[in-house]
>>> print(open('work-v9.txt').read())   # compact mmCIF, C-alpha atoms and all ligand atoms
# COMPACT_ATOMS: atom_id res chain seq x y z
CA MET A 1 27.64 2.62 -34.64
CA THR A 2 31.29 2.02 -35.54
CA LYS A 3 33.17 -1.09 -34.43
CA ARG A 4 35.16 0.92 -31.90
CA GLU A 5 31.93 2.03 -30.23
CA LYS A 6 30.57 -1.49 -29.82
CA SER A 7 28.04 -1.44 -27.03
CA PRO A 8 28.86 -2.97 -23.67
CA TYR A 9 25.18 -3.90 -23.31
CA ARG A 10 23.62 -7.21 -24.35
CA ARG A 11 20.13 -6.66 -22.91
CA LEU A 12 18.45 -3.31 -22.40
CA VAL A 13 15.11 -2.24 -20.98
CA VAL A 14 13.98 1.07 -22.48
CA LYS A 15 11.10 2.91 -20.84
CA ILE A 16 9.53 5.63 -22.97
CA GLY A 17 7.39 8.15 -21.11
CA SER A 18 4.11 9.67 -22.33
CA ASN A 19 5.73 13.09 -22.59
CA VAL A 20 8.32 11.80 -25.03
CA LEU A 21 5.64 10.40 -27.31
CA THR A 22 3.13 13.25 -27.15
CA ARG A 23 3.12 16.74 -28.59
CA GLN A 24 2.09 19.83 -26.62
CA ASP A 25 -1.50 19.47 -27.88
CA GLY A 26 -1.66 15.87 -26.59
CA THR A 27 -1.52 14.15 -29.98
CA LEU A 28 0.95 11.32 -30.64
CA ASP A 29 4.32 12.51 -31.93
CA ILE A 30 4.68 10.09 -34.83
CA THR A 31 8.05 11.50 -35.88
CA ARG A 32 9.43 10.81 -32.42
CA ILE A 33 8.10 7.24 -32.36
CA CYS A 34 9.62 6.67 -35.78
CA SER A 35 12.99 8.00 -34.63
CA LEU A 36 12.97 5.85 -31.49
CA VAL A 37 12.06 2.77 -33.54
CA ASP A 38 14.96 3.62 -35.89
CA GLN A 39 17.32 3.66 -32.95
CA LEU A 40 15.92 0.49 -31.42
CA ALA A 41 16.30 -1.19 -34.82
CA MET A 42 19.98 -0.17 -34.87
CA LEU A 43 20.53 -1.69 -31.45
CA HIS A 44 18.66 -4.82 -32.51
CA ALA A 45 20.94 -5.10 -35.56
CA GLU A 46 23.91 -4.86 -33.19
CA GLY A 47 22.60 -7.93 -31.39
CA ILE A 48 21.37 -6.04 -28.34
CA GLU A 49 18.15 -7.48 -26.95
CA CYS A 50 15.71 -4.63 -26.29
CA ILE A 51 12.58 -4.70 -24.16
CA VAL A 52 10.43 -1.61 -24.51
CA ILE A 53 8.04 -0.28 -21.89
CA SER A 54 5.95 2.31 -23.66
CA SER A 55 3.51 4.69 -22.01
CA GLY A 56 1.35 6.99 -24.09
CA ALA A 57 -1.80 4.88 -24.47
CA VAL A 58 -4.01 7.09 -22.31
CA ALA A 59 -2.65 10.27 -23.91
CA ALA A 60 -3.11 8.85 -27.42
CA GLY A 61 -6.68 7.77 -26.67
CA ARG A 62 -7.60 11.10 -25.11
CA SER A 63 -6.51 13.01 -28.20
CA GLU A 64 -8.59 10.67 -30.35
CA LEU A 65 -11.78 11.40 -28.39
CA PRO A 66 -11.79 15.14 -27.74
CA GLY A 67 -14.74 16.73 -25.93
CA GLY A 68 -17.35 14.03 -25.66
CA ARG A 69 -19.16 12.80 -22.60
CA LYS A 70 -18.15 13.62 -19.05
CA LEU A 71 -16.58 10.51 -17.52
CA ASP A 72 -15.26 9.62 -14.09
CA SER A 73 -11.51 9.13 -13.95
CA VAL A 74 -11.57 5.31 -13.96
CA SER A 75 -13.92 5.11 -16.96
CA ALA A 76 -11.88 7.75 -18.76
CA ARG A 77 -8.63 5.82 -18.19
CA GLN A 78 -10.26 2.59 -19.39
CA LEU A 79 -11.75 4.20 -22.48
CA PHE A 80 -8.68 6.21 -23.48
CA SER A 81 -6.25 3.36 -22.91
CA ALA A 82 -8.39 0.91 -24.89
CA VAL A 83 -8.41 3.24 -27.89
CA GLY A 84 -4.91 4.65 -27.40
CA GLN A 85 -3.13 1.32 -26.88
CA ALA A 86 -4.47 0.03 -30.21
CA LYS A 87 -3.30 3.19 -31.93
CA LEU A 88 0.12 3.13 -30.25
CA ILE A 89 0.94 -0.52 -30.89
CA ASN A 90 -0.13 -0.18 -34.52
CA ARG A 91 2.43 2.57 -34.99
CA TYR A 92 5.17 0.54 -33.37
CA TYR A 93 4.19 -2.55 -35.32
CA ASP A 94 4.26 -0.78 -38.68
CA PHE A 95 7.48 1.11 -38.03
CA PHE A 96 9.31 -2.02 -36.83
CA ARG A 97 7.92 -4.03 -39.72
CA GLU A 98 9.25 -1.49 -42.23
CA ARG A 99 12.67 -2.21 -40.71
CA GLY A 100 12.24 -5.99 -40.95
CA ILE A 101 11.66 -6.48 -37.22
CA VAL A 102 8.71 -8.15 -35.49
CA CYS A 103 7.46 -6.64 -32.25
CA GLY A 104 4.86 -8.06 -29.87
CA GLN A 105 2.54 -6.54 -27.33
CA VAL A 106 2.63 -7.52 -23.64
CA LEU A 107 -0.09 -5.96 -21.51
CA THR A 108 0.24 -6.69 -17.85
CA THR A 109 -1.19 -5.81 -14.47
CA LYS A 110 0.36 -5.61 -11.06
CA GLU A 111 -1.76 -8.57 -10.01
CA SER A 112 -0.38 -10.73 -12.79
CA LEU A 113 3.11 -10.31 -11.34
CA SER A 114 2.10 -10.70 -7.74
CA THR A 115 3.07 -14.32 -7.12
CA ARG A 116 6.38 -15.91 -7.94
CA ASP A 117 4.67 -18.32 -10.38
CA HIS A 118 3.03 -15.48 -12.30
CA TYR A 119 6.31 -13.60 -12.28
CA LEU A 120 8.23 -16.57 -13.71
CA ASN A 121 5.51 -17.14 -16.28
CA GLN A 122 5.75 -13.54 -17.46
CA LYS A 123 9.53 -13.81 -17.56
CA ASN A 124 9.31 -17.00 -19.60
CA CYS A 125 6.98 -15.30 -22.09
CA MET A 126 9.42 -12.48 -22.68
CA GLU A 127 12.45 -14.78 -22.86
CA THR A 128 10.64 -16.71 -25.59
CA MET A 129 9.91 -13.50 -27.49
CA LEU A 130 13.54 -12.38 -27.27
CA ARG A 131 14.85 -15.79 -28.33
CA SER A 132 12.57 -15.55 -31.37
CA GLY A 133 13.97 -12.14 -32.28
CA VAL A 134 10.74 -10.37 -31.30
CA ILE A 135 10.91 -7.02 -29.47
CA PRO A 136 8.45 -7.03 -26.54
CA ILE A 137 6.54 -3.78 -26.08
CA LEU A 138 4.98 -3.61 -22.65
CA ASN A 139 2.42 -1.43 -21.00
CA GLU A 140 0.19 -1.76 -18.00
CA ASN A 141 -3.23 -3.03 -19.05
CA ASP A 142 -5.00 0.14 -18.01
CA THR A 143 -8.34 -1.07 -19.37
CA ILE A 144 -8.62 -3.78 -16.70
CA SER A 145 -6.25 -2.63 -13.93
CA VAL A 146 -7.98 -2.13 -10.63
CA THR A 147 -7.14 1.35 -9.36
CA GLU A 148 -5.97 0.25 -5.91
CA LEU A 149 -3.74 -2.41 -7.42
CA MET A 150 -2.10 -0.40 -10.17
CA PHE A 151 1.58 0.25 -10.66
CA THR A 152 2.46 3.73 -9.43
CA ASP A 153 3.45 4.36 -13.04
CA ASN A 154 5.37 2.66 -15.85
CA ASP A 155 8.68 3.50 -14.16
CA GLU A 156 7.73 1.00 -11.47
CA LEU A 157 6.82 -1.59 -14.11
CA ALA A 158 10.11 -0.89 -15.94
CA GLY A 159 12.08 -1.41 -12.72
CA LEU A 160 10.38 -4.72 -12.09
CA VAL A 161 10.94 -5.89 -15.66
CA SER A 162 14.61 -4.88 -15.61
CA THR A 163 15.34 -7.07 -12.61
CA MET A 164 13.05 -9.84 -13.80
CA MET A 165 14.84 -10.01 -17.16
CA GLY A 166 18.34 -9.50 -15.78
CA ALA A 167 18.92 -6.43 -17.98
CA ASP A 168 22.37 -4.85 -18.19
CA ALA A 169 20.77 -1.44 -17.99
CA LEU A 170 17.44 0.34 -17.72
CA ILE A 171 17.12 3.51 -19.77
CA ILE A 172 14.26 5.78 -18.68
CA LEU A 173 13.44 8.28 -21.40
CA SER A 174 11.70 11.39 -20.16
CA ASN A 175 11.28 14.93 -21.52
CA ILE A 176 14.23 16.22 -19.49
CA ASP A 177 17.93 15.26 -19.43
CA GLY A 178 17.82 13.86 -15.90
CA ILE A 179 17.84 15.07 -12.29
CA TYR A 180 19.01 18.64 -11.61
CA ASP A 181 20.38 20.06 -8.38
CA GLY A 182 17.76 22.83 -8.51
CA ASN A 183 14.93 24.09 -10.67
CA PRO A 184 15.85 23.02 -14.23
CA GLY A 185 14.02 26.07 -15.61
CA SER A 186 16.14 28.53 -13.60
CA GLY A 187 19.16 28.26 -15.88
CA GLU A 188 21.45 27.89 -12.88
CA ALA A 189 20.71 24.31 -11.91
CA GLN A 190 23.25 21.68 -12.88
CA LEU A 191 22.44 18.23 -14.16
CA ILE A 192 23.46 15.55 -11.65
CA ARG A 193 25.57 13.25 -13.81
CA GLU A 194 26.12 10.33 -11.48
CA VAL A 195 24.35 8.90 -8.46
CA TYR A 196 26.22 6.30 -6.41
CA PRO A 197 24.61 3.62 -4.21
CA GLU A 198 25.83 5.56 -1.17
CA THR A 199 24.54 9.00 -2.36
CA SER A 200 22.15 9.98 0.41
CA ASP A 201 20.63 13.42 -0.14
CA LEU A 202 19.19 13.08 -3.64
CA ALA A 203 15.52 13.54 -2.69
CA ARG A 204 15.99 17.16 -1.62
CA PHE A 205 16.89 18.14 -5.21
CA ILE A 206 13.88 16.58 -6.78
CA ARG A 207 10.87 18.60 -7.75
CA THR A 208 7.66 16.82 -6.93
CA GLU A 209 5.33 17.94 -9.69
CA ARG A 210 4.31 15.29 -12.18
CA SER A 211 4.86 15.33 -15.90
CA SER A 212 1.82 16.62 -17.78
CA PHE A 213 0.69 13.49 -19.66
CA GLY A 214 2.12 10.61 -17.59
CA ARG A 215 1.34 9.35 -14.10
CA GLY A 216 4.92 9.41 -12.78
CA GLY A 217 7.37 12.09 -11.81
CA MET A 218 11.06 12.48 -11.04
CA LEU A 219 10.59 11.28 -7.47
CA THR A 220 9.33 7.82 -8.48
CA LYS A 221 11.92 7.68 -11.23
CA SER A 222 14.75 8.24 -8.79
CA ARG A 223 13.29 5.89 -6.17
CA ILE A 224 12.95 3.10 -8.73
CA ALA A 225 16.35 3.91 -10.23
CA ARG A 226 18.06 3.58 -6.86
CA LYS A 227 16.36 0.28 -6.12
CA VAL A 228 17.29 -1.18 -9.51
CA ALA A 229 20.88 0.09 -9.23
CA ALA A 230 21.10 -1.52 -5.77
CA GLU A 231 20.26 -4.76 -7.52
CA GLY A 232 23.33 -4.40 -9.74
CA ILE A 233 21.67 -2.90 -12.83
CA GLU A 234 22.77 0.43 -14.25
CA VAL A 235 19.95 2.97 -14.68
CA VAL A 236 20.06 6.03 -16.91
CA ILE A 237 17.50 8.84 -16.96
CA ALA A 238 17.79 10.78 -20.22
CA CYS A 239 15.79 12.93 -22.59
CA GLY A 240 13.95 10.89 -25.22
CA ARG A 241 13.60 13.94 -27.44
CA ARG A 242 17.34 14.19 -28.06
CA ASP A 243 18.19 12.87 -31.49
CA GLY A 244 20.09 9.59 -31.40
CA ILE A 245 19.93 9.36 -27.60
CA LEU A 246 19.50 5.57 -27.43
CA VAL A 247 22.25 4.82 -29.91
CA ASP A 248 24.62 7.23 -28.17
CA LEU A 249 23.86 5.81 -24.72
CA ALA A 250 24.25 2.23 -25.93
CA ALA A 251 27.61 3.13 -27.47
CA GLY A 252 28.76 4.57 -24.15
CA LYS A 253 29.03 8.15 -25.53
CA GLU A 254 29.05 11.15 -23.19
CA VAL A 255 25.52 12.56 -23.38
CA PRO A 256 23.59 14.68 -20.89
CA CYS A 257 21.88 12.26 -18.51
CA THR A 258 21.74 11.10 -14.88
CA ARG A 259 23.43 7.74 -14.44
CA PHE A 260 22.79 5.55 -11.39
CA ILE A 261 25.92 3.51 -10.83
CA PRO A 262 25.04 -0.13 -10.07
CA SER A 263 25.99 -1.73 -6.79
CA GLU A 264 28.86 -4.18 -6.94
CA HIS A 265 27.02 -6.58 -4.66
CA PRO A 266 23.84 -7.49 -6.49
CA VAL A 267 21.25 -9.69 -4.81
CA SER A 268 19.74 -13.05 -5.86
CA GLY A 269 16.80 -13.48 -8.25
CA VAL A 270 14.23 -14.24 -5.58
CA LYS A 271 15.41 -11.28 -3.51
CA LYS A 272 14.97 -9.04 -6.55
CA TRP A 273 11.39 -10.16 -6.92
CA ILE A 274 10.82 -9.58 -3.21
CA ALA A 275 12.39 -6.12 -3.45
CA HIS A 276 9.76 -5.09 -5.99
CA SER A 277 6.90 -6.76 -4.16
CA GLU A 278 6.14 -4.18 -1.50
CA GLY A 279 2.95 -3.23 -3.28
CA PHE A 280 1.68 -6.83 -3.04
CA ALA A 281 2.23 -7.09 0.73
CA LYS A 282 -0.58 -8.93 2.51
CA GLY A 283 0.46 -8.01 6.04
CA ILE A 284 2.81 -6.19 8.38
CA ILE A 285 5.26 -7.69 10.87
CA HIS A 286 6.17 -5.37 13.74
CA ILE A 287 9.59 -6.17 15.17
CA ASN A 288 11.38 -5.17 18.38
CA GLN A 289 14.62 -3.25 18.82
CA GLY A 290 16.71 -6.41 19.19
CA ALA A 291 15.47 -7.81 15.90
CA LEU A 292 15.97 -4.44 14.22
CA GLU A 293 19.61 -4.36 15.32
CA ALA A 294 20.15 -7.97 14.28
CA LEU A 295 18.62 -7.46 10.82
CA THR A 296 20.42 -4.21 10.07
CA GLY A 297 23.73 -5.36 11.57
CA PRO A 298 26.78 -6.46 9.59
CA THR A 299 25.91 -10.18 9.37
CA ALA A 300 23.16 -11.73 7.29
CA THR A 301 20.32 -12.61 9.68
CA SER A 302 16.87 -14.15 9.35
CA LEU A 303 13.84 -12.75 11.17
CA LEU A 304 13.00 -15.07 14.08
CA PRO A 305 9.65 -15.22 15.91
CA ILE A 306 11.35 -13.96 19.09
CA GLY A 307 11.88 -10.58 17.41
CA VAL A 308 8.22 -10.23 16.42
CA VAL A 309 6.00 -7.98 18.53
CA ARG A 310 2.80 -7.94 16.52
CA VAL A 311 1.36 -9.32 13.30
CA GLU A 312 -1.12 -7.39 11.16
CA GLY A 313 -3.15 -8.63 8.23
CA ASP A 314 -4.30 -11.95 6.90
CA PHE A 315 -1.60 -13.80 4.98
CA ASP A 316 -0.65 -17.31 3.94
CA ARG A 317 2.70 -19.05 3.84
CA GLY A 318 4.71 -17.68 0.88
CA ASP A 319 2.99 -14.29 0.87
CA ILE A 320 4.87 -11.01 0.96
CA VAL A 321 4.76 -8.91 4.12
CA ARG A 322 6.21 -5.56 5.11
CA ILE A 323 8.47 -5.36 8.14
CA VAL A 324 8.34 -2.30 10.38
CA GLY A 325 10.50 -1.31 13.34
CA PRO A 326 9.56 -0.31 16.92
CA GLU A 327 8.68 3.24 15.80
CA GLY A 328 6.64 2.01 12.86
CA GLU A 329 9.53 2.79 10.51
CA PRO A 330 9.72 0.71 7.30
CA ILE A 331 12.56 -1.84 7.44
CA GLY A 332 11.97 -3.98 4.39
CA VAL A 333 9.89 -6.73 2.83
CA GLY A 334 10.04 -10.50 2.99
CA GLN A 335 8.32 -13.74 2.09
CA VAL A 336 6.89 -15.50 5.15
CA SER A 337 7.41 -19.17 6.00
CA THR A 338 4.04 -19.49 7.74
CA ASP A 339 0.53 -17.99 7.80
CA SER A 340 -0.64 -15.01 9.85
CA ILE A 341 -2.40 -17.11 12.51
CA HIS A 342 0.70 -19.16 13.27
CA ALA A 343 2.94 -16.08 13.05
CA ALA A 344 0.78 -14.31 15.68
CA GLN A 345 0.74 -17.39 17.93
CA THR A 346 4.55 -17.71 17.89
CA ALA A 347 5.34 -13.98 18.17
CA GLY A 348 7.94 -13.38 20.89
CA ARG A 349 8.74 -17.09 21.35
CA LYS A 350 12.28 -18.44 21.53
CA GLY A 351 13.99 -21.27 19.66
CA LEU A 352 11.69 -21.49 16.62
CA ARG A 353 12.57 -21.55 12.93
CA PRO A 354 12.75 -18.20 11.09
CA LEU A 355 9.53 -16.43 10.18
CA ILE A 356 11.40 -14.90 7.24
CA HIS A 357 14.60 -16.55 6.12
CA TYR A 358 17.45 -14.24 5.14
CA ASP A 359 17.28 -15.45 1.51
CA TYR A 360 13.69 -14.19 1.32
CA LEU A 361 14.26 -10.88 3.01
CA PHE A 362 14.94 -7.53 1.34
CA LEU A 363 15.88 -4.64 3.59
CA ASP A 364 15.30 -1.02 2.48
N1 LIG A 401 0.05 3.13 -18.79
C1 LIG A 401 -0.13 4.55 -19.00
C2 LIG A 401 -0.33 4.84 -20.48
O1 LIG A 401 0.02 4.07 -21.32
C3 LIG A 401 1.05 5.37 -18.55
C4 LIG A 401 1.41 5.27 -17.11
C5 LIG A 401 2.52 6.26 -16.77
O2 LIG A 401 2.36 7.44 -17.03
O3 LIG A 401 3.58 5.83 -16.33
O4 LIG A 401 -0.81 5.88 -20.80
>>> encode(input="work-v9.txt", output="structure tokens")
Amino acid sequence: MTKREKSPYRRLVVKIGSNVLTRQDGTLDITRICSLVDQLAMLHAEGIECIVISSGAVAAGRSELPGGRKLDSVSARQLFSAVGQAKLINRYYDFFRERGIVCGQVLTTKESLSTRDHYLNQKNCMETMLRSGVIPILNENDTISVTELMFTDNDELAGLVSTMMGADALIILSNIDGIYDGNPGSGEAQLIREVYPETSDLARFIRTERSSFGRGGMLTKSRIARKVAAEGIEVVIACGRRDGILVDLAAGKEVPCTRFIPSEHPVSGVKKWIAHSEGFAKGIIHINQGALEALTGPTATSLLPIGVVRVEGDFDRGDIVRIVGPEGEPIGVGQVSTDSIHAAQTAGRKGLRPLIHYDYLFLD
């Protein structure tokens, strides 16, 4: 990178998908890992803090244990990820070490980010690593994750980590340049270069099939990307197989990719955590039309008991709940100021303190 191309980024989250790291036959693409480590090392030398979310453990483990016994899907995921994660992190460790850089492994689960204390603890761990010049390499701990409580995929984890760590940008590396306005294989479809916070009809362009080795697909990528961009963080979806892609993106060069332009009105730290907490919700608050209009109106408003019609689930004070409108439509998520019993008792009553304060409310 020349001086003139000095990166505007100080802290980057880079998510590397299974398809970037695996060859057609399912084996790990060592050359690709080496090239990505080279690029990350260049950014590191530039003083850019990099946090890596790397998939590929399950794929790497599967290729190590071909044939073998018939296993159910949970056992297979546990077995393959246990073997594959060891193999993957060893590669990263050796390649970074050859370049004089120390990397460290962070394996996490959705549960271990599900309370604000856990979240802050995880954040603290990674801040310490970065301050010590260590590159964190994260993955979901697939060996112990409980199926019902898993991240949809590593894109979801990457989104959460980007907001948690206050990244300048999240780069999602896939095996395709970004989102196309049609079938990318047709030769006619155009790459969508920029998505703005107000872009509304993106979903209709997105093909729903999943990538062959990973859990995610373009639909989750774009959903996460929009959420993260709404929180004031730029998101780029690009092809991890393009030579020098990370270095070029970090230098602000024109490369084929889909860029989600960040909102100019980012939200507070606690709201960011709440925004990514939908999957941890312990209950549902049904609200009436009046409350819906108040919440979605132009002024910042808390959810008051008078606007609550019904309370579902068993939650405690401080838990996350989903909020749904009169038609059952999702409105947002929030952190409740009381437990489910009290919330049900006060539903519809006037003159009481907010059930969810505005500062702890994130609307879709
Ligand atoms: N954690 C999985 C792995 O390492 C990948 C999940 C995903 O595809 O996003 O294989």
>>> closest_residue(input="work-v9.txt", among="A:Ile274, A:Cys257, A:Asn124, A:Gly348", to="A:Gly290", atoms="all atoms listed in the file")
A:Gly348
>>> residues_near_ligand(input="work-v9.txt", ligand="ligand LIG 401 (chain A)", cutoff="9 Å", atoms="only C-alpha atoms and all ligand atoms", output="ChimeraX atom specification")
/A:16-19,54-61,77,80-81,84-85,88,139-142,151-157,211,213-217
>>> write_last_selection(input="work-v9.txt", atoms="C-alpha atoms", output="compact mmCIF listing (two decimals), in the frame of the given file")
# COMPACT_ATOMS: atom_id res chain seq x y z
CA ILE A 16 9.53 5.63 -22.97
CA GLY A 17 7.39 8.15 -21.11
CA SER A 18 4.11 9.67 -22.33
CA ASN A 19 5.73 13.09 -22.59
CA SER A 54 5.95 2.31 -23.66
CA SER A 55 3.51 4.69 -22.01
CA GLY A 56 1.35 6.99 -24.09
CA ALA A 57 -1.80 4.88 -24.47
CA VAL A 58 -4.01 7.09 -22.31
CA ALA A 59 -2.65 10.27 -23.91
CA ALA A 60 -3.11 8.85 -27.42
CA GLY A 61 -6.68 7.77 -26.67
CA ARG A 77 -8.63 5.82 -18.19
CA PHE A 80 -8.68 6.21 -23.48
CA SER A 81 -6.25 3.36 -22.91
CA GLY A 84 -4.91 4.65 -27.40
CA GLN A 85 -3.13 1.32 -26.88
CA LEU A 88 0.12 3.13 -30.25
CA ASN A 139 2.42 -1.43 -21.00
CA GLU A 140 0.19 -1.76 -18.00
CA ASN A 141 -3.23 -3.03 -19.05
CA ASP A 142 -5.00 0.14 -18.01
CA PHE A 151 1.58 0.25 -10.66
CA THR A 152 2.46 3.73 -9.43
CA ASP A 153 3.45 4.36 -13.04
CA ASN A 154 5.37 2.66 -15.85
CA ASP A 155 8.68 3.50 -14.16
CA GLU A 156 7.73 1.00 -11.47
CA LEU A 157 6.82 -1.59 -14.11
CA SER A 211 4.86 15.33 -15.90
CA PHE A 213 0.69 13.49 -19.66
CA GLY A 214 2.12 10.61 -17.59
CA ARG A 215 1.34 9.35 -14.10
CA GLY A 216 4.92 9.41 -12.78
CA GLY A 217 7.37 12.09 -11.81
>>> residues_around(input="work-v9.txt", residues="A:Glu148", least_positions_apart="5", cutoff="12 Å", atoms="only C-alpha atoms", output="PDB file with C-alpha atoms, in the coordinates of the input")
ATOM      1  CA  VAL A  74     -11.570   5.310 -13.960  1.00  0.00           C
ATOM      2  CA  THR A 109      -1.190  -5.810 -14.470  1.00  0.00           C
ATOM      3  CA  LYS A 110       0.360  -5.610 -11.060  1.00  0.00           C
ATOM      4  CA  GLU A 111      -1.760  -8.570 -10.010  1.00  0.00           C
ATOM      5  CA  GLY A 279       2.950  -3.230  -3.280  1.00  0.00           C
ATOM      6  CA  PHE A 280       1.680  -6.830  -3.040  1.00  0.00           C
TER       7      PHE A 280
END
>>> closest_residue(input="work-v9.txt", among="A:Asp117, A:Glu198, A:Asp29, A:Glu312", to="A:Ile341", atoms="all atoms listed in the file")
A:Glu312
>>> closest_residue(input="work-v9.txt", among="A:Ile171, A:Ile287, A:Val311, A:Met129", to="A:Ile331", atoms="all atoms listed in the file")
A:Ile287
>>> closest_residue(input="work-v9.txt", among="A:Ala291, A:Leu363, A:Val102, A:Ile285", to="A:Ser340", atoms="all atoms listed in the file")
A:Ile285
>>> residues_around(input="work-v9.txt", residues="A:Ile135", least_positions_apart="3", cutoff="10 Å", atoms="all atoms listed in the file", output="tab-separated table (two decimals) with C-alpha atoms, in the frame of the given file")
chain	number	residue	atom	x	y	z
A	40	LEU	CA	15.92	0.49	-31.42
A	41	ALA	CA	16.30	-1.19	-34.82
A	44	HIS	CA	18.66	-4.82	-32.51
A	49	GLU	CA	18.15	-7.48	-26.95
A	50	CYS	CA	15.71	-4.63	-26.29
A	51	ILE	CA	12.58	-4.70	-24.16
A	52	VAL	CA	10.43	-1.61	-24.51
A	93	TYR	CA	4.19	-2.55	-35.32
A	96	PHE	CA	9.31	-2.02	-36.83
A	101	ILE	CA	11.66	-6.48	-37.22
A	102	VAL	CA	8.71	-8.15	-35.49
A	103	CYS	CA	7.46	-6.64	-32.25
A	104	GLY	CA	4.86	-8.06	-29.87
A	105	GLN	CA	2.54	-6.54	-27.33
A	126	MET	CA	9.42	-12.48	-22.68
A	129	MET	CA	9.91	-13.50	-27.49
A	130	LEU	CA	13.54	-12.38	-27.27
A	131	ARG	CA	14.85	-15.79	-28.33
A	132	SER	CA	12.57	-15.55	-31.37
A	138	LEU	CA	4.98	-3.61	-22.65
>>> closest_residue(input="work-v9.txt", among="A:Pro197, A:Gly26, A:Gly283, A:Gly252", to="A:His265", atoms="only C-alpha atoms")
A:Pro197
>>> axis_aligned_box(input="work-v9.txt", around="stretch 136-145 of chain A", padding_each_side="5 Å", output="lines of an AutoDock Vina configuration file")
center_x = -0.1
center_y = -3.4
center_z = -20.2
size_x = 27.1
size_y = 17.2
size_z = 22.6
>>> residues_around(input="work-v9.txt", residues="A:Leu303", least_positions_apart="6", cutoff="9 Å", atoms="only C-alpha atoms", output="number ranges by chain")
A: 287, 291, 294-295, 354-358, 361
>>> atom_distance(input="work-v9.txt", atom1="atom CA of A:Leu249", atom2="atom CA of A:Gly187")
24.6 Å
>>> closest_residue(input="work-v9.txt", among="A:Thr258, A:Ser73, A:Asn288, A:Thr296", to="A:Val308", atoms="only C-alpha atoms")
A:Asn288
>>> atom_distance(input="work-v9.txt", atom1="atom CA of A:Gly47", atom2="atom CA of A:Leu12")
10.9 Å
>>> atom_distance(input="work-v9.txt", atom1="atom CA of A:Ile144", atom2="atom CA of A:Arg116")
21.2 Å
>>> decode(input="work-v9.txt", residues="stretch 107-117 of chain A", atoms="N, CA, C and O atoms", output="CSV table (one decimal), in the first residue's frame")
chain,number,residue,atom,x,y,z
A,107,LEU,N,-13.6,-19.0,20.5
A,107,LEU,CA,-14.7,-19.8,20.1
A,107,LEU,C,-15.9,-19.4,21.0
A,107,LEU,O,-15.8,-19.4,22.2
A,108,THR,N,-17.0,-19.1,20.3
A,108,THR,CA,-18.1,-18.6,21.1
A,108,THR,C,-19.4,-19.3,20.8
A,108,THR,O,-19.5,-20.0,19.8
A,109,THR,N,-20.4,-19.0,21.6
A,109,THR,CA,-21.7,-19.5,21.3
A,109,THR,C,-22.7,-18.4,21.4
A,109,THR,O,-22.4,-17.4,22.0
A,110,LYS,N,-23.9,-18.6,20.9
A,110,LYS,CA,-24.9,-17.5,21.0
A,110,LYS,C,-25.2,-17.3,22.5
A,110,LYS,O,-25.4,-16.1,22.9
A,111,GLU,N,-25.3,-18.4,23.2
A,111,GLU,CA,-25.6,-18.2,24.6
A,111,GLU,C,-24.6,-17.4,25.4
A,111,GLU,O,-25.0,-16.6,26.2
A,112,SER,N,-23.3,-17.5,25.0
A,112,SER,CA,-22.3,-16.8,25.7
A,112,SER,C,-22.3,-15.3,25.3
A,112,SER,O,-21.4,-14.5,25.8
A,113,LEU,N,-23.2,-14.9,24.5
A,113,LEU,CA,-23.3,-13.4,24.2
A,113,LEU,C,-24.7,-12.9,24.6
A,113,LEU,O,-25.1,-11.8,24.2
A,114,SER,N,-25.5,-13.8,25.3
A,114,SER,CA,-26.9,-13.5,25.4
A,114,SER,C,-27.3,-12.6,26.6
A,114,SER,O,-28.4,-12.1,26.6
A,115,THR,N,-26.4,-12.3,27.5
A,115,THR,CA,-26.7,-11.2,28.4
A,115,THR,C,-25.7,-10.1,28.3
A,115,THR,O,-24.6,-10.3,27.7
A,116,ARG,N,-26.0,-9.0,28.7
A,116,ARG,CA,-25.1,-7.8,28.5
A,116,ARG,C,-23.8,-8.0,29.2
A,116,ARG,O,-22.8,-7.6,28.7
A,117,ASP,N,-23.8,-8.7,30.4
A,117,ASP,CA,-22.5,-9.0,31.1
A,117,ASP,C,-21.6,-9.9,30.3
A,117,ASP,O,-20.4,-9.7,30.1
